[in-house]
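So the structure is just underneath, and the comments pick up after that.
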Amino acid sequence: MKNIKKKIIGWGVAVVALSFCPALSQAQYNSDIYMNIDWQFNVPLGASYVDKASGWGMNFEGGYYFPCNFGIGAFLSYHTNNEYVSRRTISMTPSSAVTTDQQHSLYQVPFGVTGRYRFLAGSICEPYVAMKLGANYARISSDFYILQAYEETWGFYMSPELGVQIRPFSQTRIGFHAALYYSYATNEGTVMQDKMSQLNNFGFRLGLSF
Amino acid sequence: MKKSIYILMAVFALVACRRDPDLGELSSDFLVFTNYDTAANFNEFVTYYMPDSIMIIGDRDIPEYWTGINAEAILETYADNMGMCGYLRVSDKEEADLGLQISYIESVSYFVDYYSSPYWWNAYPGYWWPGYWGDWSDWYYPYPVVYSYSVGSLLTEMVDLTAETGPERKLPVVWNSLLSGLLSGSDSFNVTLTVRAVDQSFIQSSYLIRDVE
C-alpha cells in the first residue's frame, strides 16, 4: 500500500513538473479530437474474488474537446485478473462438499461515457482529469479439474482518472498517454460459495494517443 | 483520422480479450465430492459389507471387476477408514447394516444420456443391481446428485441395508463419493492419488463417525 501511495505521489509530481516546464510547453500539434489505446495494469482492491494484480488488459477511448477545454467521449476497456486458490474443502449444499484447488478468474469489460477537463491545451504535456461512467460486465469463473463454474454479472461503473497526453512531435498527432485510475462497480455474484460483492480497482495505463 | 480508427480496430481484433488462467498450475490431486442423506442416523449402523473387487464401468456387455494389488490397496483404504469411523466389517451381506459399492469408470459411454435419465445404471450390465444386496426393487439417492463422470473416476455408494425390503421398496443410498482426476501414465502414482482421495472423502464426511461408547 505504501508503494502504491509513493507511485501516485510520484506520478502527480511528474505531471505537474512537466506541465510547468517552459521548454516542454511550446505549442505542439493541437487537436480537439483525442483517441487513446492503452495497455493497463489493474490491481483489485479489498476482499475481491481475485486479489492478484495483472497486466492483462487494454483500454480504448476517444472523444472531443470543446473550446472551454472540457471534453466528452466514450471508452471501452477489458481486463483479466487470475488467482490460484489452493486445495480446500467447500460446502456446496448442506449435505455435499467438494475438495479441490481452483483457478479463480475475474474478467471485466467496463464501457460508457467519459468527461474530461484538460490543462495546458496545446502544450507537449497536456494533463487532464476525467470521470468515466457506464456499465461493467464482469465474468467470474472457477476452473477446477476439467470443469468450470462461472457467473456473468452486470453493474454500474464509475472511475475517476488522472492522466497526461504527451505529444512531442509537431508534425503528427501521434503521442503518448499515461493515466492513473480508480474504479468502482456494483457487480455482485457467487461461484462455488465464493462471493463477489462490488468491485474496487486501482491501476495505471500506458499507451498511445492520436 | 481514418488510419487511427483502422489501427484501433486492428489492435482490438488482434489482442485476445480474455486471458485464460493457467490450468497447468492445478495440482494432480483428485477432486473429491461427497454427499449424504441428512435424514440418515449413522450411529444406528454398526456393520458393513464391502465386496472384494471394484466394478469396472466400461463399454462391454458383461460385468467386469477390478482385482489385484492396486484394487486391494484402494479397498483396504476404504476398510481402514470405515474401521476408524467405528464400523465393523462383516463377510456376510445379510449381517451387514451398510453396503459399499465401489465402481471405477473406464469408459463414459454409458453416461452420455445421464442428464436425460438419472437412472443411468439401468443401462449398465450388472451395475450393483438391487438383487445383489437383497429384496429391493431398485436403489435410489434420497438427495439431489450432480456428477461429472469422466474416465478414471471412482464412484462409491453406501447403501442402507436396514431399509425396509419388498418388491415395491427401494434401497436408499445414504452416502456417496466421486473421486476424479487426470490420470498419469504411472499406475502406482494413480493409485497413490486415489488412496489419498479416498482418505479425503472420509475426512470431509465427519458425520460418518459413530459415537462408540
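Residue numbering restarts at 1 for every chain of the C-alpha cells, chains are lettered A, B, ... in their displayed order, and ligands are numbered from 1 as they appear.
Using only C-alpha atoms, one finds that the residues of chain A close to chain B, at 6 Å or less, are Thr80, Asn82, Ser95, Ser96, Ala97, Val98, Thr99 and Thr100 of chain A.
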- [ ] Step one, run DSSP on the backbone; step two, keep only residues of region 6-205 of chain B assigned to strand (DSSP E); then write them as number ranges by chain.
- [x] B: 31-36, 47-49, 54-57, 64-66, 88-89, 98-105, 136-140, 154-160, 166-180
TODO: Give me every helix (DSSP H, G or I) residue in region 43-177 of chain B, going by DSSP on the backbone, as a ChimeraX atom specification.
DONE: /B:43-44,69-84,93-95,109-111,120-123,130-133
TODO: Record the distance separating CA of Tyr141 (chain B) and CA of Leu100 (chain B), expressed in Å with one decimal.
DONE: 14.1 Å
Task: Minimum-distance residue to Gly152 (chain B), chosen among B:Tyr87, B:Tyr132, B:Tyr78, B:Tyr104 (using only C-alpha atoms) - done: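 Using only C-alpha atoms, the shortest distance to Gly152 (chain B) belongs to B:Tyr104.
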Task: Selection near region 50-64 of chain A, 6 Å with only C-alpha atoms, sequence-local residues under 4 positions removed, as number ranges by chain - done: A: 32-44, 71-81, 83
Restricting the output to N, CA and C atoms, write the selected residues as a CSV table (one decimal), in the first residue's frame.
```csv
chain,number,residue,atom,x,y,z
A,32,ASP,N,-8.8,19.0,-31.4
A,32,ASP,CA,-9.9,18.9,-30.4
A,32,ASP,C,-10.4,17.5,-30.3
A,33,ILE,N,-9.9,16.6,-31.1
A,33,ILE,CA,-10.3,15.2,-31.1
A,33,ILE,C,-9.1,14.4,-30.4
A,34,TYR,N,-9.4,13.5,-29.6
A,34,TYR,CA,-8.4,12.7,-29.0
A,34,TYR,C,-8.8,11.2,-29.0
A,35,MET,N,-7.8,10.4,-29.1
A,35,MET,CA,-8.0,8.9,-29.1
A,35,MET,C,-6.9,8.3,-28.3
A,36,ASN,N,-7.2,7.3,-27.5
A,36,ASN,CA,-6.1,6.6,-26.7
A,36,ASN,C,-6.3,5.1,-26.9
A,37,ILE,N,-5.2,4.5,-27.0
A,37,ILE,CA,-5.1,3.0,-27.0
A,37,ILE,C,-4.1,2.7,-25.9
A,38,ASP,N,-4.5,2.0,-24.9
A,38,ASP,CA,-3.6,1.8,-23.7
A,38,ASP,C,-3.5,0.3,-23.3
A,39,TRP,N,-2.3,0.0,-22.8
A,39,TRP,CA,-2.2,-1.2,-22.1
A,39,TRP,C,-2.4,-0.8,-20.6
A,40,GLN,N,-3.0,-1.7,-19.8
A,40,GLN,CA,-3.3,-1.3,-18.5
A,40,GLN,C,-2.9,-2.4,-17.5
A,41,PHE,N,-2.6,-1.9,-16.3
A,41,PHE,CA,-2.2,-2.8,-15.2
A,41,PHE,C,-3.2,-2.5,-14.1
A,42,ASN,N,-3.9,-3.6,-13.7
A,42,ASN,CA,-5.0,-3.5,-12.8
A,42,ASN,C,-4.8,-4.2,-11.4
A,43,VAL,N,-5.1,-3.5,-10.4
A,43,VAL,CA,-5.0,-4.1,-9.0
A,43,VAL,C,-6.3,-4.2,-8.3
A,44,PRO,N,-6.9,-5.4,-8.2
A,44,PRO,CA,-8.2,-5.4,-7.5
A,44,PRO,C,-8.0,-5.1,-6.0
A,71,GLY,N,-14.0,18.0,-22.3
A,71,GLY,CA,-14.1,17.1,-23.4
A,71,GLY,C,-15.1,16.0,-23.0
A,72,ILE,N,-15.7,15.4,-24.0
A,72,ILE,CA,-16.6,14.3,-23.7
A,72,ILE,C,-16.3,13.2,-24.8
A,73,GLY,N,-16.5,12.0,-24.3
A,73,GLY,CA,-16.1,10.9,-25.2
A,73,GLY,C,-16.7,9.5,-24.7
A,74,ALA,N,-16.2,8.5,-25.3
A,74,ALA,CA,-16.6,7.1,-25.0
A,74,ALA,C,-15.4,6.3,-24.7
A,75,PHE,N,-15.6,5.2,-24.0
A,75,PHE,CA,-14.5,4.3,-23.7
A,75,PHE,C,-14.9,2.9,-23.6
A,76,LEU,N,-14.0,2.0,-23.8
A,76,LEU,CA,-14.2,0.6,-23.5
A,76,LEU,C,-12.9,0.0,-23.1
A,77,SER,N,-12.9,-0.8,-22.0
A,77,SER,CA,-11.7,-1.5,-21.7
A,77,SER,C,-12.0,-2.9,-21.2
A,78,TYR,N,-11.0,-3.7,-21.1
A,78,TYR,CA,-11.2,-5.0,-20.6
A,78,TYR,C,-10.0,-5.4,-19.8
A,79,HIS,N,-10.2,-6.3,-18.9
A,79,HIS,CA,-9.1,-6.7,-18.0
A,79,HIS,C,-9.4,-8.1,-17.4
A,80,THR,N,-8.3,-8.9,-17.3
A,80,THR,CA,-8.5,-10.2,-16.7
A,80,THR,C,-7.5,-10.2,-15.5
A,81,ASN,N,-8.0,-10.6,-14.4
A,81,ASN,CA,-7.2,-10.9,-13.2
A,81,ASN,C,-7.4,-12.4,-12.8
A,83,GLU,N,-6.2,-15.8,-10.3
A,83,GLU,CA,-5.6,-16.1,-9.0
A,83,GLU,C,-5.7,-17.6,-8.7
```
Open item on the list: Report as a list in words all protein, DNA and RNA residues lying within 7 Å of Val195 (chain B), evaluated on only C-alpha atoms, omitting residues in the same chain fewer than 3 positions from it.
Closed with: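 Contacts, in chain order: Ile74, Thr77, Val191, Thr192, Val198 and Asp199 of chain B.
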Can those selected residues be exported to a file as a PDB file, in the first residue's frame so that it contains N, CA and C atoms?
```pdb
ATOM      1  N   ILE B  74      -6.834 -49.913  -2.742  1.00  0.00           N
ATOM      2  CA  ILE B  74      -7.962 -48.971  -2.635  1.00  0.00           C
ATOM      3  C   ILE B  74      -9.006 -49.506  -1.653  1.00  0.00           C
ATOM      4  N   THR B  77      -7.989 -49.168   1.880  1.00  0.00           N
ATOM      5  CA  THR B  77      -8.138 -47.783   2.367  1.00  0.00           C
ATOM      6  C   THR B  77      -9.581 -47.531   2.807  1.00  0.00           C
ATOM      7  N   VAL B 191      -2.767 -44.817  -8.233  1.00  0.00           N
ATOM      8  CA  VAL B 191      -3.310 -45.471  -7.032  1.00  0.00           C
ATOM      9  C   VAL B 191      -3.009 -44.628  -5.791  1.00  0.00           C
ATOM     10  N   THR B 192      -1.802 -44.067  -5.742  1.00  0.00           N
ATOM     11  CA  THR B 192      -1.436 -43.195  -4.606  1.00  0.00           C
ATOM     12  C   THR B 192      -2.425 -42.024  -4.511  1.00  0.00           C
ATOM     13  N   VAL B 198      -9.485 -41.122  -1.342  1.00  0.00           N
ATOM     14  CA  VAL B 198     -10.409 -41.908  -0.504  1.00  0.00           C
ATOM     15  C   VAL B 198     -10.317 -41.407   0.935  1.00  0.00           C
ATOM     16  N   ASP B 199      -9.082 -41.233   1.409  1.00  0.00           N
ATOM     17  CA  ASP B 199      -8.895 -40.703   2.776  1.00  0.00           C
ATOM     18  C   ASP B 199      -9.609 -39.355   2.925  1.00  0.00           C
TER      19      ASP B 199
END
```
TODO: Give me, please, the distance in Å between CA of Gly115 (chain A) and CA of Thr153 (chain A), quoted to one decimal.
DONE: 25.2 Å
- [ ] Using only C-alpha atoms, find the one residue out of A:Tyr117, A:Tyr145, A:Ile140, A:Leu133 that sits nearest to Asp194 (chain A).
- [x]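 The answer is A:Ile140, which sits nearest to Asp194 (chain A).
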Open item on the list: To one decimal place in Å, what is the distance between CA of Ile105 (chain B) and CA of Asn70 (chain B)?
Closed with: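 Atom-to-atom, CA of Ile105 (chain B) and CA of Asn70 (chain B) are spaced 15.0 Å apart.
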TODO: Please provide the set of residues having any atom within 12 Å of Glu168 (chain B), restricted to only C-alpha atoms, with same-chain residues fewer than 6 positions apart removed, written as a list in words.
DONE: Pro130, Asp135, Trp136, Ser137, Asp138 and Trp139 of chain B
Filtering to C-alpha atoms, could you give me those residues as a CSV table (one decimal), in the first residue's frame?
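What ended up in out_19.csv:
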```csv
chain,number,residue,atom,x,y,z
B,130,PRO,CA,-30.6,-54.3,-6.0
B,135,ASP,CA,-35.1,-58.0,-1.8
B,136,TRP,CA,-35.4,-54.4,-3.2
B,137,SER,CA,-36.9,-53.3,-6.5
B,138,ASP,CA,-34.3,-50.7,-7.2
B,139,TRP,CA,-32.0,-48.2,-5.3
```
